[in-house]
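Written out below as structure tokens is the structure these notes cover.
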Amino acid sequence: MTLKFILFFSILILISAGINTVQAQNALLTPEKLWELGRITDPQVSPDGKWILYGATWYQLDSNKGKRSLYMTSIATGETILFDKIEDSAHNARWRPDGKRIGYLSDHSGTMQLWEMDIADKQPVRVTFFDMPIHNFSYSPDMKHIAFTIDVEIKKENDLLTGLPKADAMIIDDLMYRHWDKWEDSRYQHVCIAGYADGKIQASFRDIMENEKFDCPTQPFGGPEDITWNPDGSSILYVCKKFTGKEYAMNTNSDIYLYDLSTGKTVNLTDAYEGYDLLPSSSRDGRKIAWLNMPKPGYESDQREIRIYDVETGDDKILTGDFDRDISALCWGSDDRSIYFIASHDGTEQVFKIDPISPDFHRIS
């Protein structure tokens with residue numbers, strides 16, 4: 001029921017904050033009052049299903065700054081706890097799989113690094129000391145590794161700059177030189193893996209996309225959801241569009257790749273499909289992988305469908321072929337007998353449930 005809890009409590013918190021603020025002022029709702037509301041982000045259900053961890057960004061108009069604080073709310077009672085020992089904004093917060101600690105990213109040290117907090121004493125402790133900022137962090141389910149992304153600079157050789165080591169000009173002779181408001185700067189986000197043991201990180205890490213001129217998360221809208229572990233922590237799934245130049249600009253063919261930690265090999269699971277493939281999610285037993293697929297190549301507004309891949313046989317099938325709504329998120333139920341997903345319905349976003357064996361679905365919210 002993870003997806004339902006996330007949706008329900010995120011909306012409940014926002015509505016409650018808005019109602020209390022409006023009632024307290026007993027006046028018109030102005031832009032200034034809107035900026036007094038907290039922006040709820042990235043809710044995460046605890047491993048035992050009892051708490052929701054989330055961020056709330058609060059803004060100060062006079063200083064033109066915002067700070068993202070961390071909270072957790074009891075699902076049963078509504079009790080809310082603020083982690084008030086975090087000095088700076090906390091991002092990308094995640095429960096450690098054993099539920100005893102929370103990991104999050106903060107630039108309190110001057111660069112974005114991983115910090116942890118024990119649930120008992122709530123005291124922040126810095127975990128990583130890398131030379132570069134890290135993003136999109138997650139724990140492996142067996143707590144032996146963490147995954148994260150870094151920006152890697154891979155410059156293009158160009159004879160016109162030979163002998164000019166101090167030149168900072170960029171010669172552009174192909175697409176993409178800009179994606180929306182992001183300029184091409186020869187830097188690419190790569191997925192990396194480092195060993196982890198009870199709050200300690202290995203000094204070195206592995207770039208699983210080494211020397212590749214591609215980004216994960218996908219640009220410009222991808223995020224931590226583009227990277228996910230399989231249940232036993234032996235492999236990792238990530239989304240990437242591995243094209244360059246005009247071919248990258250003109251197609252929508254992102255794919256889902258499986259990287260095996262023991263062999264170091266990467267396999268493209270969705271090579272047969274030429275549209276978007278997004279949001280991979282492994283079943284709890286690791287036997288199946290579900291993801292969102294847009295069948296039509298080059299069409300960014302095609303309807304997203306759920307596909308399921310059988311890890312043992314390599315076969316896959318469309319699960320929602322008879323479902324006539326666009327799907328935006330999905331997750332497996334605790335017994336692998338259900339997949340919960342969010343889809344548009346009568347001008348609203350609703351939670352649905354579908355059986356992966358015999359694809360019967362119904363709305364549950």
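Each chain of the structure tokens is named A, B, ... in the order shown, its residues numbered from 1; ligands are numbered from 1 in display order.
Counting only C-alpha atoms, Met143 of chain A has the following residues at most 7 Å away, ignoring those fewer than 2 positions along the same chain: Pro97, Tyr139, Ser140, Pro141, His145, Tyr196 and Ala197 of chain A.
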**Request:** Just the residues within 10 Å of segment 128-131 of chain A, please, counting only C-alpha atoms, with nothing from its chain fewer than 3 positions along; format it as a list in words.
**Result:**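 In the requested form, the answer reads Leu105, Ser109, Thr111, Met112, Gln113, Leu114, Trp115, Glu116, Val125, Ile134, Ala194, Gly199, Lys200, Ile201, Gln202, Ala203, Ser204 and Phe205 of chain A.
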**Item:** Gap from atom CA of Arg304 of chain A to atom CA of Val45 of chain A - Å, one decimal
**Value:**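 Distance reported for this atom pair: 25.2 Å.
Reported to one decimal place, the separation of atom CA of Tyr259 of chain A from atom CA of Arg206 of chain A is 11.8 Å.
Residues of segment 232-304 of chain A carrying a DSSP assignment of strand (DSSP E or B), computed from the backbone, are Ser235, Ile236, Leu237, Tyr238, Val239, Cys240, Asp255, Ile256, Tyr257, Leu258, Tyr259, Asp260, Thr266, Val267, Asn268, Asp277, Leu278, Leu279, Pro280, Ser281, Ser282, Lys288, Ile289, Ala290, Trp291, Leu292 and Asn293 of chain A.
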Please save N, CA and C atoms of the selected residues as a PDB file, in the first residue's frame.
```pdb
ATOM      1  N   SER A 235      22.252  -6.476  -8.174  1.00  0.00           N
ATOM      2  CA  SER A 235      22.262  -5.739  -9.437  1.00  0.00           C
ATOM      3  C   SER A 235      21.453  -4.463  -9.281  1.00  0.00           C
ATOM      4  N   ILE A 236      21.603  -3.593 -10.246  1.00  0.00           N
ATOM      5  CA  ILE A 236      20.921  -2.306 -10.203  1.00  0.00           C
ATOM      6  C   ILE A 236      20.340  -2.002 -11.581  1.00  0.00           C
ATOM      7  N   LEU A 237      19.144  -1.420 -11.587  1.00  0.00           N
ATOM      8  CA  LEU A 237      18.480  -1.018 -12.819  1.00  0.00           C
ATOM      9  C   LEU A 237      18.599   0.492 -12.960  1.00  0.00           C
ATOM     10  N   TYR A 238      18.886   0.948 -14.176  1.00  0.00           N
ATOM     11  CA  TYR A 238      18.915   2.387 -14.391  1.00  0.00           C
ATOM     12  C   TYR A 238      18.386   2.722 -15.780  1.00  0.00           C
ATOM     13  N   VAL A 239      17.853   3.941 -15.908  1.00  0.00           N
ATOM     14  CA  VAL A 239      17.258   4.416 -17.155  1.00  0.00           C
ATOM     15  C   VAL A 239      18.235   5.356 -17.838  1.00  0.00           C
ATOM     16  N   CYS A 240      18.418   5.182 -19.140  1.00  0.00           N
ATOM     17  CA  CYS A 240      19.345   6.038 -19.880  1.00  0.00           C
ATOM     18  C   CYS A 240      18.967   6.056 -21.363  1.00  0.00           C
ATOM     19  N   ASP A 255      16.079   3.588 -22.484  1.00  0.00           N
ATOM     20  CA  ASP A 255      16.048   2.156 -22.197  1.00  0.00           C
ATOM     21  C   ASP A 255      16.352   1.885 -20.735  1.00  0.00           C
ATOM     22  N   ILE A 256      16.014   0.671 -20.320  1.00  0.00           N
ATOM     23  CA  ILE A 256      16.287   0.225 -18.951  1.00  0.00           C
ATOM     24  C   ILE A 256      17.439  -0.772 -18.995  1.00  0.00           C
ATOM     25  N   TYR A 257      18.491  -0.470 -18.245  1.00  0.00           N
ATOM     26  CA  TYR A 257      19.693  -1.290 -18.230  1.00  0.00           C
ATOM     27  C   TYR A 257      19.838  -1.977 -16.878  1.00  0.00           C
ATOM     28  N   LEU A 258      20.313  -3.204 -16.910  1.00  0.00           N
ATOM     29  CA  LEU A 258      20.574  -3.965 -15.699  1.00  0.00           C
ATOM     30  C   LEU A 258      22.078  -4.162 -15.570  1.00  0.00           C
ATOM     31  N   TYR A 259      22.638  -3.675 -14.465  1.00  0.00           N
ATOM     32  CA  TYR A 259      24.075  -3.812 -14.202  1.00  0.00           C
ATOM     33  C   TYR A 259      24.286  -4.825 -13.081  1.00  0.00           C
ATOM     34  N   ASP A 260      25.079  -5.865 -13.351  1.00  0.00           N
ATOM     35  CA  ASP A 260      25.380  -6.914 -12.377  1.00  0.00           C
ATOM     36  C   ASP A 260      26.651  -6.558 -11.611  1.00  0.00           C
ATOM     37  N   THR A 266      26.627  -5.078 -18.208  1.00  0.00           N
ATOM     38  CA  THR A 266      25.391  -4.316 -18.365  1.00  0.00           C
ATOM     39  C   THR A 266      24.574  -4.903 -19.497  1.00  0.00           C
ATOM     40  N   VAL A 267      23.275  -5.101 -19.263  1.00  0.00           N
ATOM     41  CA  VAL A 267      22.367  -5.660 -20.271  1.00  0.00           C
ATOM     42  C   VAL A 267      21.218  -4.682 -20.490  1.00  0.00           C
ATOM     43  N   ASN A 268      20.894  -4.438 -21.764  1.00  0.00           N
ATOM     44  CA  ASN A 268      19.741  -3.605 -22.117  1.00  0.00           C
ATOM     45  C   ASN A 268      18.502  -4.488 -22.132  1.00  0.00           C
ATOM     46  N   ASP A 277      11.091   4.129 -22.098  1.00  0.00           N
ATOM     47  CA  ASP A 277      10.985   3.091 -21.071  1.00  0.00           C
ATOM     48  C   ASP A 277      11.459   3.720 -19.773  1.00  0.00           C
ATOM     49  N   LEU A 278      10.584   3.699 -18.751  1.00  0.00           N
ATOM     50  CA  LEU A 278      10.819   4.489 -17.549  1.00  0.00           C
ATOM     51  C   LEU A 278      10.406   3.741 -16.280  1.00  0.00           C
ATOM     52  N   LEU A 279      10.849   4.236 -15.140  1.00  0.00           N
ATOM     53  CA  LEU A 279      10.409   3.808 -13.813  1.00  0.00           C
ATOM     54  C   LEU A 279      10.473   2.289 -13.598  1.00  0.00           C
ATOM     55  N   PRO A 280      11.638   1.671 -13.709  1.00  0.00           N
ATOM     56  CA  PRO A 280      11.725   0.227 -13.450  1.00  0.00           C
ATOM     57  C   PRO A 280      11.477  -0.087 -11.981  1.00  0.00           C
ATOM     58  N   SER A 281      10.822  -1.216 -11.721  1.00  0.00           N
ATOM     59  CA  SER A 281      10.525  -1.623 -10.352  1.00  0.00           C
ATOM     60  C   SER A 281      10.547  -3.149 -10.270  1.00  0.00           C
ATOM     61  N   SER A 282      11.405  -3.702  -9.418  1.00  0.00           N
ATOM     62  CA  SER A 282      11.517  -5.154  -9.265  1.00  0.00           C
ATOM     63  C   SER A 282      10.473  -5.668  -8.280  1.00  0.00           C
ATOM     64  N   LYS A 288      10.445 -10.672 -11.383  1.00  0.00           N
ATOM     65  CA  LYS A 288       9.829  -9.875 -12.442  1.00  0.00           C
ATOM     66  C   LYS A 288      10.216  -8.408 -12.271  1.00  0.00           C
ATOM     67  N   ILE A 289      10.224  -7.700 -13.392  1.00  0.00           N
ATOM     68  CA  ILE A 289      10.493  -6.262 -13.399  1.00  0.00           C
ATOM     69  C   ILE A 289       9.355  -5.579 -14.139  1.00  0.00           C
ATOM     70  N   ALA A 290       8.747  -4.604 -13.517  1.00  0.00           N
ATOM     71  CA  ALA A 290       7.694  -3.811 -14.160  1.00  0.00           C
ATOM     72  C   ALA A 290       8.253  -2.435 -14.485  1.00  0.00           C
ATOM     73  N   TRP A 291       7.769  -1.840 -15.571  1.00  0.00           N
ATOM     74  CA  TRP A 291       8.182  -0.483 -15.909  1.00  0.00           C
ATOM     75  C   TRP A 291       7.115   0.162 -16.786  1.00  0.00           C
ATOM     76  N   LEU A 292       7.243   1.471 -17.018  1.00  0.00           N
ATOM     77  CA  LEU A 292       6.335   2.206 -17.886  1.00  0.00           C
ATOM     78  C   LEU A 292       6.937   2.316 -19.271  1.00  0.00           C
ATOM     79  N   ASN A 293       6.111   2.044 -20.271  1.00  0.00           N
ATOM     80  CA  ASN A 293       6.563   2.031 -21.656  1.00  0.00           C
ATOM     81  C   ASN A 293       5.645   2.891 -22.523  1.00  0.00           C
TER      82      ASN A 293
END
```
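Using only C-alpha atoms for every distance, the candidate list A:Thr162, A:Ser334, A:Ala93, A:Leu29 yields A:Ala93 as the residue closest to Gln44 of chain A.
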**Request:** Find the residues near Glu153 of chain A: any atom within 10 Å, counting only C-alpha atoms, skip ones fewer than 2 places away on the same chain, and give them as a ChimeraX atom specification.
**Result:** /A:150-151,155-156,185-189,211,213
Restricted to N, CA, C and O atoms, what would the selected residues look like written as a PDB file, in the first residue's frame?
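Saved to out20.pdb:
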```pdb
ATOM      1  N   ILE A 150      27.286  11.204  -9.970  1.00  0.00           N
ATOM      2  CA  ILE A 150      28.222  12.321  -9.974  1.00  0.00           C
ATOM      3  C   ILE A 150      28.271  12.907 -11.377  1.00  0.00           C
ATOM      4  O   ILE A 150      27.890  12.253 -12.350  1.00  0.00           O
ATOM      5  N   ASP A 151      28.724  14.143 -11.481  1.00  0.00           N
ATOM      6  CA  ASP A 151      28.953  14.755 -12.780  1.00  0.00           C
ATOM      7  C   ASP A 151      30.362  14.413 -13.242  1.00  0.00           C
ATOM      8  O   ASP A 151      31.345  14.681 -12.532  1.00  0.00           O
ATOM      9  N   LYS A 155      35.427  15.608 -22.209  1.00  0.00           N
ATOM     10  CA  LYS A 155      35.559  16.611 -23.262  1.00  0.00           C
ATOM     11  C   LYS A 155      35.764  15.957 -24.619  1.00  0.00           C
ATOM     12  O   LYS A 155      36.366  14.892 -24.742  1.00  0.00           O
ATOM     13  N   LYS A 156      35.267  16.649 -25.637  1.00  0.00           N
ATOM     14  CA  LYS A 156      35.405  16.176 -27.009  1.00  0.00           C
ATOM     15  C   LYS A 156      36.719  16.683 -27.594  1.00  0.00           C
ATOM     16  O   LYS A 156      37.057  17.854 -27.468  1.00  0.00           O
ATOM     17  N   ASP A 185      27.724  21.077 -21.469  1.00  0.00           N
ATOM     18  CA  ASP A 185      28.994  21.528 -20.905  1.00  0.00           C
ATOM     19  C   ASP A 185      30.027  20.413 -20.813  1.00  0.00           C
ATOM     20  O   ASP A 185      31.001  20.510 -20.056  1.00  0.00           O
ATOM     21  N   SER A 186      29.812  19.350 -21.590  1.00  0.00           N
ATOM     22  CA  SER A 186      30.719  18.191 -21.601  1.00  0.00           C
ATOM     23  C   SER A 186      30.743  17.455 -20.268  1.00  0.00           C
ATOM     24  O   SER A 186      31.671  16.702 -19.979  1.00  0.00           O
ATOM     25  N   ARG A 187      29.710  17.659 -19.449  1.00  0.00           N
ATOM     26  CA  ARG A 187      29.598  16.950 -18.183  1.00  0.00           C
ATOM     27  C   ARG A 187      28.367  16.055 -18.227  1.00  0.00           C
ATOM     28  O   ARG A 187      27.311  16.466 -18.695  1.00  0.00           O
ATOM     29  N   TYR A 188      28.502  14.835 -17.719  1.00  0.00           N
ATOM     30  CA  TYR A 188      27.436  13.845 -17.780  1.00  0.00           C
ATOM     31  C   TYR A 188      27.237  13.240 -16.394  1.00  0.00           C
ATOM     32  O   TYR A 188      28.203  12.984 -15.667  1.00  0.00           O
ATOM     33  N   GLN A 189      25.968  12.997 -16.039  1.00  0.00           N
ATOM     34  CA  GLN A 189      25.670  12.349 -14.767  1.00  0.00           C
ATOM     35  C   GLN A 189      25.813  10.833 -14.913  1.00  0.00           C
ATOM     36  O   GLN A 189      25.141  10.237 -15.755  1.00  0.00           O
ATOM     37  N   ASN A 211      33.302   6.398 -19.053  1.00  0.00           N
ATOM     38  CA  ASN A 211      33.621   6.878 -20.410  1.00  0.00           C
ATOM     39  C   ASN A 211      32.408   7.007 -21.328  1.00  0.00           C
ATOM     40  O   ASN A 211      32.562   7.272 -22.526  1.00  0.00           O
ATOM     41  N   LYS A 213      29.225   8.978 -22.775  1.00  0.00           N
ATOM     42  CA  LYS A 213      28.749  10.361 -22.899  1.00  0.00           C
ATOM     43  C   LYS A 213      27.219  10.391 -22.836  1.00  0.00           C
ATOM     44  O   LYS A 213      26.545  10.894 -23.735  1.00  0.00           O
TER      45      LYS A 213
END
```
**Asked** Which of these, A:Ser301, A:Thr149, A:Thr30, A:Gln219, has the shortest distance to Met176 of chain A once you count only C-alpha atoms?
**Response** A:Gln219
**Item:** Residue nearest Asn230 of chain A - candidates A:Gly245, A:Ile154, A:Asp142, A:Ile193, atoms counted: only C-alpha atoms
**Value:**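 For Asn230 of chain A, the nearest of the candidates is A:Asp142.
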**Prompt:** If you run DSSP on this backbone, which residues of segment 59-230 of chain A come out as helix (DSSP H, G or I), and could you give them as a PyMOL selection string?
**Reply:** chain A and resi 159-161+224-226
**Message:** Can you measure atom CA of Lys85 of chain A to atom CA of Glu32 of chain A for me? One decimal in Å is fine.
**Reply:**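 Taking atom CA of Lys85 of chain A and atom CA of Glu32 of chain A, their separation equals 27.8 Å.
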**Message:** Calculated over only C-alpha atoms, which of the candidates A:Asn251, A:Thr320, A:Ser63, A:Ser69 has the smallest distance to Ile40 of chain A?
**Reply:**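 That would be A:Ser69, the residue with the smallest distance to Ile40 of chain A.
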**Request:** Using only C-alpha atoms, determine which residues lie at most 12 Å from Ser358 of chain A, disregarding the query and same-chain residues fewer than 6 positions distant; provide the list as a ChimeraX atom specification.
**Result:** /A:317-320,337-339
**Request:** Counting only C-alpha atoms, figure out which residue out of A:Asp346, A:Asp98, A:Glu225, A:Glu184 gets nearest to Asp48 of chain A.
**Result:**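 Looking at the shortest contact to Asp48 of chain A, the residue is A:Asp98.
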**Message:** With only C-alpha atoms as the counted atoms, please give the residues lying no more than 12 Å from Gly298 of chain A, apart from itself and same-chain residues fewer than 2 positions off, as a list in words.
**Reply:** Glu247, Tyr248, Ala249, Met250, Asn251, Thr252, Asn253, Ser254, Tyr273, Glu274, Gly275, Tyr276, Met294, Pro295, Lys296, Glu300, Ser301 and Asp302 of chain A
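Using only C-alpha atoms, the nearest neighbour of Pro47 of chain A within the list A:Pro133, A:Pro217, A:Gly99, A:Pro231 is A:Gly99.
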